$ cat final-v9.csv   # CSV, C-alpha atoms and all ligand atoms
chain,number,residue,atom,x,y,z
A,1,MET,CA,30.5,-4.5,-18.6
A,2,GLN,CA,29.3,-2.4,-15.7
A,3,LEU,CA,27.4,0.8,-16.4
A,4,ASP,CA,29.9,3.0,-14.6
A,5,GLU,CA,32.7,1.6,-16.7
A,6,LEU,CA,30.7,2.4,-19.8
A,7,VAL,CA,30.1,5.9,-18.5
A,8,ARG,CA,33.9,6.4,-18.1
A,9,ALA,CA,34.9,4.8,-21.3
A,10,LEU,CA,32.5,6.9,-23.4
A,11,ASN,CA,32.7,10.1,-21.4
A,12,LEU,CA,29.0,10.1,-20.8
A,13,LYS,CA,27.4,12.8,-18.7
A,14,VAL,CA,25.4,11.3,-15.8
A,15,SER,CA,22.2,13.2,-15.7
A,16,CYS,CA,20.1,11.1,-13.3
A,17,ALA,CA,20.4,8.3,-10.7
A,18,GLU,CA,24.1,8.6,-10.2
A,19,GLY,CA,23.9,6.1,-7.4
A,20,SER,CA,22.6,3.4,-9.6
A,21,LEU,CA,25.5,2.8,-12.0
A,22,LYS,CA,26.7,-0.5,-10.5
A,23,ARG,CA,24.6,-2.5,-13.0
A,24,GLN,CA,25.6,-4.9,-15.6
A,25,VAL,CA,25.1,-3.8,-19.2
A,26,ARG,CA,24.3,-7.0,-21.1
A,27,GLY,CA,23.4,-5.5,-24.5
A,28,GLY,CA,21.7,-2.6,-26.1
A,29,TYR,CA,18.7,-1.4,-27.9
A,30,VAL,CA,18.1,1.7,-30.1
A,31,GLY,CA,14.6,3.1,-30.6
A,32,ASP,CA,12.3,6.1,-30.3
A,33,LEU,CA,9.0,4.1,-30.6
A,34,LEU,CA,8.0,3.0,-27.1
A,35,SER,CA,6.0,0.0,-28.3
A,36,ASP,CA,9.1,-1.2,-30.2
A,37,VAL,CA,11.4,-0.8,-27.2
A,38,MET,CA,8.7,-2.3,-24.9
A,39,ALA,CA,8.4,-5.4,-27.1
A,40,ASN,CA,12.0,-6.0,-28.2
A,41,SER,CA,14.5,-4.7,-25.6
A,42,LYS,CA,15.9,-7.1,-23.2
A,43,GLU,CA,16.7,-7.0,-19.5
A,44,GLY,CA,20.1,-5.4,-18.9
A,45,ASP,CA,20.1,-3.5,-22.2
A,46,ILE,CA,21.3,0.0,-22.4
A,47,TRP,CA,18.7,2.0,-24.3
A,48,ILE,CA,19.8,4.7,-26.8
A,49,THR,CA,17.0,7.1,-27.7
A,50,ARG,CA,16.2,10.7,-28.5
A,51,GLN,CA,13.0,10.7,-26.5
A,52,VAL,CA,13.3,12.9,-23.4
A,53,HIS,CA,9.8,12.8,-21.9
A,54,GLN,CA,9.0,11.0,-18.7
A,55,ASN,CA,7.4,7.9,-20.2
A,56,ILE,CA,10.9,6.6,-21.0
A,57,VAL,CA,11.5,6.0,-17.3
A,58,ALA,CA,8.4,3.7,-17.1
A,59,VAL,CA,9.6,1.7,-20.1
A,60,ALA,CA,13.1,1.3,-18.7
A,61,SER,CA,11.8,0.3,-15.3
A,62,LEU,CA,9.2,-2.2,-16.7
A,63,LYS,CA,11.8,-3.8,-18.9
A,64,ASP,CA,14.6,-3.8,-16.3
A,65,LEU,CA,16.9,-1.9,-18.7
A,66,ALA,CA,20.4,-1.0,-17.4
A,67,GLY,CA,19.9,2.7,-18.2
A,68,ILE,CA,19.0,5.2,-20.9
A,69,ILE,CA,21.4,7.2,-23.1
A,70,LEU,CA,20.1,10.4,-24.6
A,71,ILE,CA,21.8,11.4,-27.8
A,72,GLN,CA,23.1,14.7,-29.3
A,73,GLY,CA,23.3,16.4,-26.0
A,74,SER,CA,19.5,16.1,-25.3
A,75,GLU,CA,18.8,16.6,-21.6
A,76,PRO,CA,15.9,14.8,-19.9
A,77,ALA,CA,12.8,16.9,-19.3
A,78,LEU,CA,12.5,18.1,-15.6
A,79,ASP,CA,9.7,15.6,-14.7
A,80,THR,CA,11.7,12.9,-16.5
A,81,ALA,CA,14.7,13.6,-14.3
A,82,ALA,CA,12.7,13.7,-11.1
A,83,LYS,CA,11.1,10.3,-11.9
A,84,ALA,CA,14.4,8.7,-13.0
A,85,ASN,CA,16.0,9.8,-9.8
A,86,ALA,CA,13.1,8.6,-7.7
A,87,GLU,CA,13.1,5.2,-9.4
A,88,GLY,CA,16.9,4.8,-9.7
A,89,ILE,CA,16.9,4.7,-13.5
A,90,PRO,CA,20.2,6.0,-14.8
A,91,ILE,CA,19.9,8.6,-17.6
A,92,LEU,CA,23.2,9.4,-19.4
A,93,VAL,CA,23.8,12.0,-22.0
A,94,THR,CA,26.2,11.9,-25.0
A,95,ASP,CA,26.9,14.7,-27.5
A,96,LEU,CA,27.2,12.1,-30.3
A,97,PRO,CA,24.5,11.0,-32.7
A,98,ALA,CA,23.0,7.5,-32.2
A,99,PHE,CA,25.1,5.9,-35.0
A,100,GLU,CA,28.4,6.9,-33.4
A,101,ILE,CA,27.6,6.2,-29.8
A,102,VAL,CA,26.0,2.8,-30.7
A,103,GLY,CA,29.2,1.9,-32.7
A,104,GLN,CA,31.4,2.6,-29.7
A,105,ILE,CA,29.1,0.8,-27.3
A,106,TYR,CA,29.0,-2.2,-29.5
A,107,LYS,CA,32.8,-2.4,-29.7
A,108,LEU,CA,33.0,-2.1,-25.9
A,109,ILE,CA,30.5,-4.8,-25.0
A,110,ASN,CA,31.3,-7.2,-27.8
A,111,PRO,CA,35.1,-7.1,-27.8
B,1,MET,CA,-14.7,-22.4,-11.5
B,2,ARG,CA,-11.9,-20.3,-10.1
B,3,GLU,CA,-10.9,-22.8,-7.5
B,4,SER,CA,-7.3,-22.1,-8.0
B,5,GLN,CA,-7.7,-18.3,-8.1
B,6,LYS,CA,-5.4,-16.7,-5.6
B,7,PHE,CA,-5.4,-13.0,-6.4
B,8,GLU,CA,-7.5,-10.3,-8.0
B,9,LYS,CA,-7.0,-6.6,-8.0
B,10,SER,CA,-8.4,-3.7,-10.0
B,11,PHE,CA,-6.6,-0.4,-10.8
B,12,ASP,CA,-8.0,2.9,-12.2
B,13,VAL,CA,-6.4,4.5,-15.2
B,14,GLN,CA,-7.1,8.1,-16.1
B,15,GLY,CA,-7.5,9.0,-19.7
B,16,GLY,CA,-5.1,11.6,-21.0
B,17,SER,CA,-2.8,11.3,-18.0
B,18,PHE,CA,0.5,10.6,-19.8
B,19,GLN,CA,2.4,11.7,-16.7
B,20,ASN,CA,1.1,8.7,-14.8
B,21,ALA,CA,1.2,6.3,-17.8
B,22,GLY,CA,2.9,3.1,-16.8
B,23,ASN,CA,2.3,3.3,-13.1
B,24,VAL,CA,-0.4,0.6,-13.0
B,25,SER,CA,1.8,-1.7,-15.1
B,26,GLY,CA,4.6,-1.1,-12.7
B,27,GLN,CA,2.4,-2.0,-9.7
B,28,ILE,CA,1.2,-5.1,-11.5
B,29,LYS,CA,4.7,-6.2,-12.3
B,30,SER,CA,5.8,-5.7,-8.7
B,31,ILE,CA,2.8,-7.8,-7.4
B,32,LEU,CA,3.6,-10.6,-9.9
B,33,LYS,CA,7.3,-10.6,-8.9
B,34,GLU,CA,6.4,-10.7,-5.3
B,35,MET,CA,4.1,-13.6,-5.8
B,36,GLY,CA,7.0,-15.5,-7.4
B,37,VAL,CA,5.4,-15.7,-10.9
B,38,SER,CA,8.1,-16.8,-13.4
B,39,THR,CA,10.2,-14.1,-15.1
B,40,ASP,CA,9.0,-15.0,-18.6
B,41,ILE,CA,5.4,-14.6,-17.6
B,42,VAL,CA,6.1,-11.3,-15.8
B,43,ARG,CA,7.9,-10.0,-18.9
B,44,ARG,CA,5.0,-10.8,-21.1
B,45,VAL,CA,2.4,-9.4,-18.7
B,46,ALA,CA,4.5,-6.2,-18.4
B,47,ILE,CA,4.3,-5.7,-22.2
B,48,ILE,CA,0.6,-6.4,-22.6
B,49,CYS,CA,-0.3,-4.4,-19.5
B,50,TYR,CA,1.7,-1.4,-20.6
B,51,GLU,CA,0.2,-1.4,-24.0
B,52,SER,CA,-3.3,-1.7,-22.5
B,53,GLU,CA,-2.6,1.2,-20.1
B,54,ILE,CA,-1.2,3.4,-22.9
B,55,ASN,CA,-4.4,2.8,-25.0
B,56,ILE,CA,-6.7,3.8,-22.1
B,57,VAL,CA,-4.5,6.9,-21.5
B,58,SER,CA,-4.3,7.7,-25.2
B,59,TYR,CA,-7.9,7.1,-26.3
B,60,ALA,CA,-10.4,6.7,-23.4
B,61,LYS,CA,-11.9,9.0,-20.8
B,62,LYS,CA,-11.1,6.6,-18.0
B,63,GLY,CA,-10.8,2.9,-17.4
B,64,THR,CA,-9.8,0.0,-15.1
B,65,ILE,CA,-7.2,-2.7,-15.4
B,66,THR,CA,-7.9,-5.9,-13.5
B,67,LEU,CA,-5.2,-8.4,-12.7
B,68,VAL,CA,-6.2,-12.0,-11.9
B,69,VAL,CA,-3.6,-14.5,-11.0
B,70,THR,CA,-4.2,-18.3,-10.7
B,71,ASP,CA,-1.8,-21.1,-10.5
B,72,GLU,CA,-1.7,-21.6,-14.2
B,73,ALA,CA,-2.3,-18.2,-15.7
B,74,VAL,CA,-2.3,-14.5,-15.4
B,75,LYS,CA,-5.3,-12.6,-16.8
B,76,ILE,CA,-5.4,-8.9,-17.6
B,77,GLU,CA,-8.8,-7.4,-18.2
B,78,THR,CA,-9.3,-3.8,-19.2
B,79,LYS,CA,-12.5,-1.9,-19.4
B,80,ASP,CA,-12.8,1.7,-20.5
B,81,GLU,CA,-15.3,4.5,-21.1
B,82,GLY,CA,-14.3,6.0,-24.4
B,83,PRO,CA,-14.9,6.3,-28.2
B,84,GLY,CA,-14.7,2.5,-28.7
B,85,ILE,CA,-13.1,0.8,-31.7
B,86,PRO,CA,-15.3,0.9,-34.9
B,87,ASP,CA,-13.3,-1.7,-36.8
B,88,ILE,CA,-11.4,-4.1,-34.5
B,89,GLU,CA,-9.8,-6.1,-37.3
B,90,LEU,CA,-8.4,-2.9,-38.8
B,91,ALA,CA,-7.2,-1.6,-35.4
B,92,MET,CA,-5.3,-4.9,-34.9
B,93,LYS,CA,-3.2,-4.4,-38.0
B,94,GLU,CA,0.3,-3.5,-37.2
B,95,GLY,CA,1.0,0.1,-38.2
B,96,TYR,CA,-2.7,1.3,-38.0
B,97,SER,CA,-3.1,4.1,-35.6
B,98,THR,CA,-5.4,7.1,-35.0
B,99,ALA,CA,-3.0,8.6,-32.4
B,100,THR,CA,-2.7,12.4,-32.6
B,101,ALA,CA,0.5,14.1,-33.7
B,102,ALA,CA,1.3,15.1,-30.1
B,103,VAL,CA,1.0,11.5,-28.9
B,104,ARG,CA,3.2,10.3,-31.8
B,105,GLU,CA,5.8,12.9,-31.0
B,106,MET,CA,6.2,11.1,-27.6
B,107,GLY,CA,6.9,7.8,-29.3
B,108,PHE,CA,3.5,6.3,-29.0
B,109,GLY,CA,1.1,5.7,-31.8
B,110,ALA,CA,3.3,3.2,-33.7
B,111,GLY,CA,0.2,1.1,-34.2
B,112,MET,CA,1.9,-1.9,-32.5
B,113,GLY,CA,0.0,-2.0,-29.3
B,114,LEU,CA,-2.8,-4.3,-30.0
B,115,ALA,CA,-0.5,-6.5,-32.2
B,116,ASN,CA,1.9,-6.9,-29.3
B,117,MET,CA,-1.0,-7.6,-26.9
B,118,LYS,CA,-1.9,-10.5,-29.2
B,119,LYS,CA,1.6,-11.6,-29.7
B,120,TYR,CA,2.6,-11.7,-26.1
B,121,SER,CA,-0.6,-13.2,-24.7
B,122,ASP,CA,-1.9,-16.7,-25.3
B,123,HIS,CA,-5.5,-15.5,-25.7
B,124,LEU,CA,-6.9,-12.1,-26.5
B,125,ILE,CA,-10.5,-11.0,-26.8
B,126,ILE,CA,-11.6,-7.5,-27.7
B,127,THR,CA,-15.1,-6.2,-27.5
B,128,SER,CA,-16.0,-2.6,-28.2
B,129,GLU,CA,-19.0,-0.5,-28.6
B,130,VAL,CA,-18.7,2.8,-30.5
B,131,GLY,CA,-19.4,5.8,-28.2
B,132,ILE,CA,-19.4,3.6,-25.1
B,133,GLY,CA,-16.0,1.9,-24.6
B,134,THR,CA,-13.7,-1.0,-25.0
B,135,CYS,CA,-13.0,-4.2,-23.1
B,136,VAL,CA,-9.9,-6.3,-23.6
B,137,THR,CA,-9.2,-9.6,-22.0
B,138,MET,CA,-5.8,-11.2,-22.2
B,139,ILE,CA,-4.6,-14.4,-20.8
B,140,VAL,CA,-0.9,-15.4,-20.3
B,141,MET,CA,-0.6,-19.1,-19.5
B,142,ASP,CA,2.1,-20.7,-17.5
B,143,PHE,CA,2.5,-23.9,-19.5
B,144,SER,CA,5.2,-25.2,-17.2
B,145,LYS,CA,2.6,-25.4,-14.5
B,146,ILE,CA,-0.2,-26.7,-16.7
B,147,LEU,CA,2.0,-29.5,-17.9
B,148,HIS,CA,2.8,-30.4,-14.3
B,149,PRO,CA,0.6,-33.3,-13.3
B,150,ASP,CA,0.4,-32.5,-9.6
B,151,LEU,CA,-1.3,-29.2,-10.1
B,152,PRO,CA,-5.1,-28.7,-10.3
B,153,PRO,CA,-6.7,-28.3,-13.8
B,154,LEU,CA,-7.1,-25.0,-15.7
B,155,THR,CA,-9.8,-22.8,-14.3
B,156,LEU,CA,-9.6,-19.5,-16.1
A,201,LIG,N1,-9.1,1.6,-25.7
A,201,LIG,C1,-9.3,2.1,-26.9
A,201,LIG,N2,-10.3,2.9,-27.2
A,201,LIG,C2,-10.5,3.4,-28.4
A,201,LIG,N3,-9.7,3.2,-29.5
A,201,LIG,C3,-8.7,2.3,-29.3
A,201,LIG,C4,-8.4,1.8,-28.0
A,201,LIG,N4,-7.3,1.0,-28.1
A,201,LIG,C5,-6.9,1.0,-29.4
A,201,LIG,N5,-7.7,1.9,-30.1
A,201,LIG,C6,-7.7,2.1,-31.5
A,201,LIG,O1,-6.9,1.1,-32.2
A,201,LIG,C7,-5.7,1.7,-32.8
A,201,LIG,C8,-4.5,0.8,-32.7
A,201,LIG,O2,-4.1,0.7,-31.4
A,201,LIG,P1,-2.7,0.2,-31.1
A,201,LIG,O3,-2.4,-1.1,-31.8
A,201,LIG,O4,-2.5,0.1,-29.6
A,201,LIG,O5,-1.7,1.2,-31.7
A,201,LIG,P2,-1.5,2.8,-31.3
A,201,LIG,O6,-2.0,3.0,-29.9
A,201,LIG,O7,0.0,2.9,-31.4
A,201,LIG,O8,-2.3,3.6,-32.3
A,201,LIG,C9,-5.5,3.1,-32.1
A,201,LIG,O9,-4.8,4.0,-32.9
A,201,LIG,C10,-7.0,3.5,-31.8
A,201,LIG,O10,-7.6,4.0,-33.0
A,202,MG,MG,-1.6,1.7,-28.4

$ encode --input "final-v9.csv" --output "structure tokens"
Amino acid sequence: MQLDELVRALNLKVSCAEGSLKRQVRGGYVGDLLSDVMANSKEGDIWITRQVHQNIVAVASLKDLAGIILIQGSEPALDTAAKANAEGIPILVTDLPAFEIVGQIYKLINP
Amino acid sequence: MRESQKFEKSFDVQGGSFQNAGNVSGQIKSILKEMGVSTDIVRRVAIICYESEINIVSYAKKGTITLVVTDEAVKIETKDEGPGIPDIELAMKEGYSTATAAVREMGFGAGMGLANMKKYSDHLIITSEVGIGTCVTMIVMDFSKILHPDLPPLTL
């Protein structure tokens, strides 16, 4: 599924890199520990996290992730947003907690 | 030695500079991709390089990361000026961390860095002197090339 389709289906707010949503979402990974995400996420994963500081952009970029979803209405920090826009890493925001958004994403990409 | 060496470059890493953390790893990943290094190797190097960079940023005053690429392997060598590691065996244990609360709050300090550096490299050597600094050498082998009979022998 393409990221922009996911954004529409789940009513996600596009917070950064609006021009980079034509990416394929191949799977997902949930985590707030950067070493864990670094080691275990896969290329094309959508990353669901509560971390909002700018190091999430470097992780998403190094791992070629499809994008980042921040949960419970968390907005990226200002420097995070600047970096994500500069590097074309989509950051999306949902009001839902991780459990609920992950359940919905799972259903959408594993129909 | 080093007959097949085709690339070497060093990068500075500033201690405490979390706003730049990951930049060097990003540059190294770009270089490897541009050189046509296989995606599996690039992925593994990205992980070990990022963990190395984060450790310098988290614990040291400053350091360097050196990338060496040959036909059969990628070597990442780090050298830092910092507190050093008093008990390397303990530091290697998954879950062991002396990271501060502020560093943990950002999602670092899971104590998985050195363990992942070992897991995703084929060879890891750590030397450290308390009060002086730490050196880490990691080698990621491209076995597909090594097993290829037409290529020159291993030189790293
Ligand atoms: N370059 C370094 N200089 C000093 N101490 C280090 C360095 N790298 C690692 N350490 C020590 O080893 C511990 C484990 O490191 P690591 O496995 O990367 O986990 P983490 O960084 O999450 O704590 C660190 O908490 C720290 O005490
Ligand atoms: Mg670490």

$ axis_aligned_box --input "final-v9.csv" --around "range 60-69 of chain A" --padding-each-side "3 Å" --output "JSON"
{"center_x": 15.3, "center_y": 1.7, "center_z": -19.2, "size_x": 18.2, "size_y": 17.0, "size_z": 13.8}

$ residues_around --input "final-v9.csv" --residues "Ala77 in chain A" --least-positions-apart "2" --cutoff "12 Å" --atoms "only C-alpha atoms" --output "ChimeraX atom specification"
/A:15-16,50-57,70,74-75,79-84,91 /B:19

$ residues_near_point --input "final-v9.csv" --point "(8.5, -5.1, -10.0)" --cutoff "10 Å" --atoms "only C-alpha atoms" --output "PyMOL selection string"
(chain A and resi 61-64) or (chain B and resi 25-34+42+46)

$ residues_near_ligand --input "final-v9.csv" --ligand "ligand MG 202 (chain A)" --cutoff "6 Å" --atoms "only C-alpha atoms and all ligand atoms" --output "JSON, numbers by chain"
{"B": [51, 54, 55, 109, 113]}

$ write_last_selection --input "final-v9.csv" --atoms "C-alpha atoms" --output "CSV table (one decimal), in the frame of the given file"
chain,number,residue,atom,x,y,z
B,51,GLU,CA,0.2,-1.4,-24.0
B,54,ILE,CA,-1.2,3.4,-22.9
B,55,ASN,CA,-4.4,2.8,-25.0
B,109,GLY,CA,1.1,5.7,-31.8
B,113,GLY,CA,0.0,-2.0,-29.3

$ residues_near_ligand --input "final-v9.csv" --ligand "ligand LIG 201 (chain A)" --cutoff "6 Å" --atoms "only C-alpha atoms and all ligand atoms" --output "list in words"
Asn55, Ile56, Tyr59, Ala60, Gly82, Pro83, Gly84, Ile85, Ala91, Met92, Tyr96, Ser97, Thr98, Ala99, Phe108, Gly109, Ala110, Gly111, Met112, Gly113, Leu114, Ala115 and Thr134 of chain B

$ atom_distance --input "final-v9.csv" --atom1 "CA of Leu92 in chain A" --atom2 "CA of Val57 in chain B"
27.9 Å

$ interface_residues --input "final-v9.csv" --of "chain A" --to "chain B" --cutoff "6 Å" --atoms "all atoms listed in the file" --output "PyMOL selection string"
chain A and resi 32-34+58

$ closest_residue --input "final-v9.csv" --among "A:Val93, A:Gly27, A:Thr49, A:Val14" --to "Leu65 in chain A" --atoms "all atoms listed in the file"
A:Gly27

$ atom_distance --input "final-v9.csv" --atom1 "CA of Ile71 in chain A" --atom2 "CA of Leu108 in chain A"
17.6 Å

$ atom_distance --input "final-v9.csv" --atom1 "CA of Ala102 in chain B" --atom2 "CA of Ser58 in chain B"
10.5 Å

$ closest_residue --input "final-v9.csv" --among "B:Leu90, B:Ala101, B:Met35, B:Leu124" --to "Val69 in chain B" --atoms "only C-alpha atoms"
B:Met35

$ closest_residue --input "final-v9.csv" --among "A:Val25, A:Leu6, A:Ala98, A:Ala17" --to "Gly73 in chain A" --atoms "all atoms listed in the file"
A:Ala98

$ residues_near_point --input "final-v9.csv" --point "(-8.6, -7.2, -21.8)" --cutoff "12 Å" --atoms "all atoms listed in the file" --output "PyMOL selection string"
chain B and resi 45+48-53+55-56+63-68+74-80+114+117-118+121+123-128+134-140

$ residues_around --input "final-v9.csv" --residues "Lys107 in chain A" --least-positions-apart "5" --cutoff "12 Å" --atoms "all atoms listed in the file" --output "list in words"
Met1, Leu6, Ala9, Leu10, Gly27, Gly28, Glu100, Ile101 and Val102 of chain A

$ residues_around --input "final-v9.csv" --residues "Gln72 in chain A" --least-positions-apart "4" --cutoff "7 Å" --atoms "only C-alpha atoms" --output "number ranges by chain"
A: 94-97

$ decode --input "final-v9.csv" --residues "range 10-110 of chain A" --atoms "C-alpha atoms" --output "mmCIF file, in the first residue's frame"
data_model
loop_
_atom_site.group_PDB
_atom_site.id
_atom_site.type_symbol
_atom_site.label_atom_id
_atom_site.label_comp_id
_atom_site.auth_asym_id
_atom_site.auth_seq_id
_atom_site.Cartn_x
_atom_site.Cartn_y
_atom_site.Cartn_z
ATOM 1 C CA LEU A 10 -6.425 6.388 8.688
ATOM 2 C CA ASN A 11 -7.036 10.113 8.585
ATOM 3 C CA LEU A 12 -3.450 10.878 9.566
ATOM 4 C CA LYS A 13 -2.237 14.435 9.810
ATOM 5 C CA VAL A 14 0.742 15.042 7.524
ATOM 6 C CA SER A 15 3.171 17.007 9.630
ATOM 7 C CA CYS A 16 6.321 16.837 7.466
ATOM 8 C CA ALA A 17 7.501 16.040 3.957
ATOM 9 C CA GLU A 18 4.099 16.170 2.305
ATOM 10 C CA GLY A 19 5.778 15.776 -1.074
ATOM 11 C CA SER A 20 7.268 12.377 -0.195
ATOM 12 C CA LEU A 21 4.127 10.292 0.294
ATOM 13 C CA LYS A 22 4.383 8.274 -2.907
ATOM 14 C CA ARG A 23 6.235 5.483 -1.161
ATOM 15 C CA GLN A 24 5.329 1.883 -0.741
ATOM 16 C CA VAL A 25 4.605 0.758 2.835
ATOM 17 C CA ARG A 26 5.821 -2.826 3.039
ATOM 18 C CA GLY A 27 5.343 -3.430 6.746
ATOM 19 C CA GLY A 28 5.598 -1.729 10.089
ATOM 20 C CA TYR A 29 7.643 -1.500 13.242
ATOM 21 C CA VAL A 30 6.743 -0.143 16.678
ATOM 22 C CA GLY A 31 9.339 1.100 19.124
ATOM 23 C CA ASP A 32 10.707 3.935 21.211
ATOM 24 C CA LEU A 33 14.211 2.503 21.666
ATOM 25 C CA LEU A 34 16.350 3.714 18.778
ATOM 26 C CA SER A 35 18.782 0.778 18.937
ATOM 27 C CA ASP A 36 15.856 -1.620 18.659
ATOM 28 C CA VAL A 37 14.383 0.186 15.661
ATOM 29 C CA MET A 38 17.824 0.522 14.098
ATOM 30 C CA ALA A 39 18.475 -3.214 14.399
ATOM 31 C CA ASN A 40 15.041 -4.677 13.707
ATOM 32 C CA SER A 41 13.030 -2.432 11.412
ATOM 33 C CA LYS A 42 13.078 -3.189 7.699
ATOM 34 C CA GLU A 43 13.260 -1.069 4.578
ATOM 35 C CA GLY A 44 9.798 0.229 3.667
ATOM 36 C CA ASP A 45 8.397 -0.142 7.195
ATOM 37 C CA ILE A 46 6.158 2.530 8.651
ATOM 38 C CA TRP A 47 7.532 3.333 12.135
ATOM 39 C CA ILE A 48 5.126 3.997 14.980
ATOM 40 C CA THR A 49 6.695 5.776 17.946
ATOM 41 C CA ARG A 50 6.209 8.325 20.703
ATOM 42 C CA GLN A 51 9.698 9.794 20.229
ATOM 43 C CA VAL A 52 9.506 13.305 18.765
ATOM 44 C CA HIS A 53 13.141 14.464 18.868
ATOM 45 C CA GLN A 54 15.239 14.862 15.750
ATOM 46 C CA ASN A 55 17.199 11.624 16.029
ATOM 47 C CA ILE A 56 14.148 9.743 14.709
ATOM 48 C CA VAL A 57 14.774 11.345 11.313
ATOM 49 C CA ALA A 58 18.307 9.945 11.102
ATOM 50 C CA VAL A 59 17.066 6.473 12.040
ATOM 51 C CA ALA A 60 14.248 6.550 9.470
ATOM 52 C CA SER A 61 16.648 7.790 6.814
ATOM 53 C CA LEU A 62 19.403 5.267 7.590
ATOM 54 C CA LYS A 63 16.917 2.401 7.543
ATOM 55 C CA ASP A 64 15.016 3.607 4.447
ATOM 56 C CA LEU A 65 11.738 3.513 6.376
ATOM 57 C CA ALA A 66 8.569 4.592 4.580
ATOM 58 C CA GLY A 67 7.772 7.182 7.232
ATOM 59 C CA ILE A 68 7.125 7.869 10.904
ATOM 60 C CA ILE A 69 3.765 7.953 12.701
ATOM 61 C CA LEU A 70 3.683 9.842 15.989
ATOM 62 C CA ILE A 71 0.965 8.668 18.358
ATOM 63 C CA GLN A 72 -1.510 10.355 20.682
ATOM 64 C CA GLY A 73 -1.377 13.660 18.874
ATOM 65 C CA SER A 74 2.347 14.226 19.530
ATOM 66 C CA GLU A 75 3.825 16.796 17.181
ATOM 67 C CA PRO A 76 7.455 16.577 16.073
ATOM 68 C CA ALA A 77 9.866 18.988 17.766
ATOM 69 C CA LEU A 78 10.711 22.035 15.621
ATOM 70 C CA ASP A 79 14.194 20.840 14.700
ATOM 71 C CA THR A 80 12.762 17.380 13.969
ATOM 72 C CA ALA A 81 10.278 18.873 11.522
ATOM 73 C CA ALA A 82 12.960 20.965 9.826
ATOM 74 C CA LYS A 83 15.213 17.952 9.376
ATOM 75 C CA ALA A 84 12.380 15.698 8.182
ATOM 76 C CA ASN A 85 11.316 18.268 5.590
ATOM 77 C CA ALA A 86 14.902 18.737 4.428
ATOM 78 C CA GLU A 87 15.480 15.003 4.084
ATOM 79 C CA GLY A 88 12.030 14.117 2.745
ATOM 80 C CA ILE A 89 11.121 11.815 5.626
ATOM 81 C CA PRO A 90 7.327 11.870 6.087
ATOM 82 C CA ILE A 91 6.127 12.431 9.653
ATOM 83 C CA LEU A 92 2.453 11.709 10.263
ATOM 84 C CA VAL A 93 0.414 12.266 13.386
ATOM 85 C CA THR A 94 -2.498 10.268 14.781
ATOM 86 C CA ASP A 95 -4.583 11.009 17.860
ATOM 87 C CA LEU A 96 -4.832 7.297 18.608
ATOM 88 C CA PRO A 97 -2.583 5.358 21.001
ATOM 89 C CA ALA A 98 -0.075 2.905 19.462
ATOM 90 C CA PHE A 99 -2.186 -0.236 20.030
ATOM 91 C CA GLU A 100 -5.135 1.138 18.101
ATOM 92 C CA ILE A 101 -3.289 2.664 15.165
ATOM 93 C CA VAL A 102 -1.109 -0.439 14.770
ATOM 94 C CA GLY A 103 -4.214 -2.656 14.706
ATOM 95 C CA GLN A 104 -5.710 -0.570 11.929
ATOM 96 C CA ILE A 105 -2.492 -0.449 9.908
ATOM 97 C CA TYR A 106 -2.060 -4.192 10.252
ATOM 98 C CA LYS A 107 -5.536 -4.815 8.861
ATOM 99 C CA LEU A 108 -4.896 -2.469 5.938
ATOM 100 C CA ILE A 109 -1.543 -3.857 4.831
ATOM 101 C CA ASN A 110 -2.266 -7.536 5.575
#
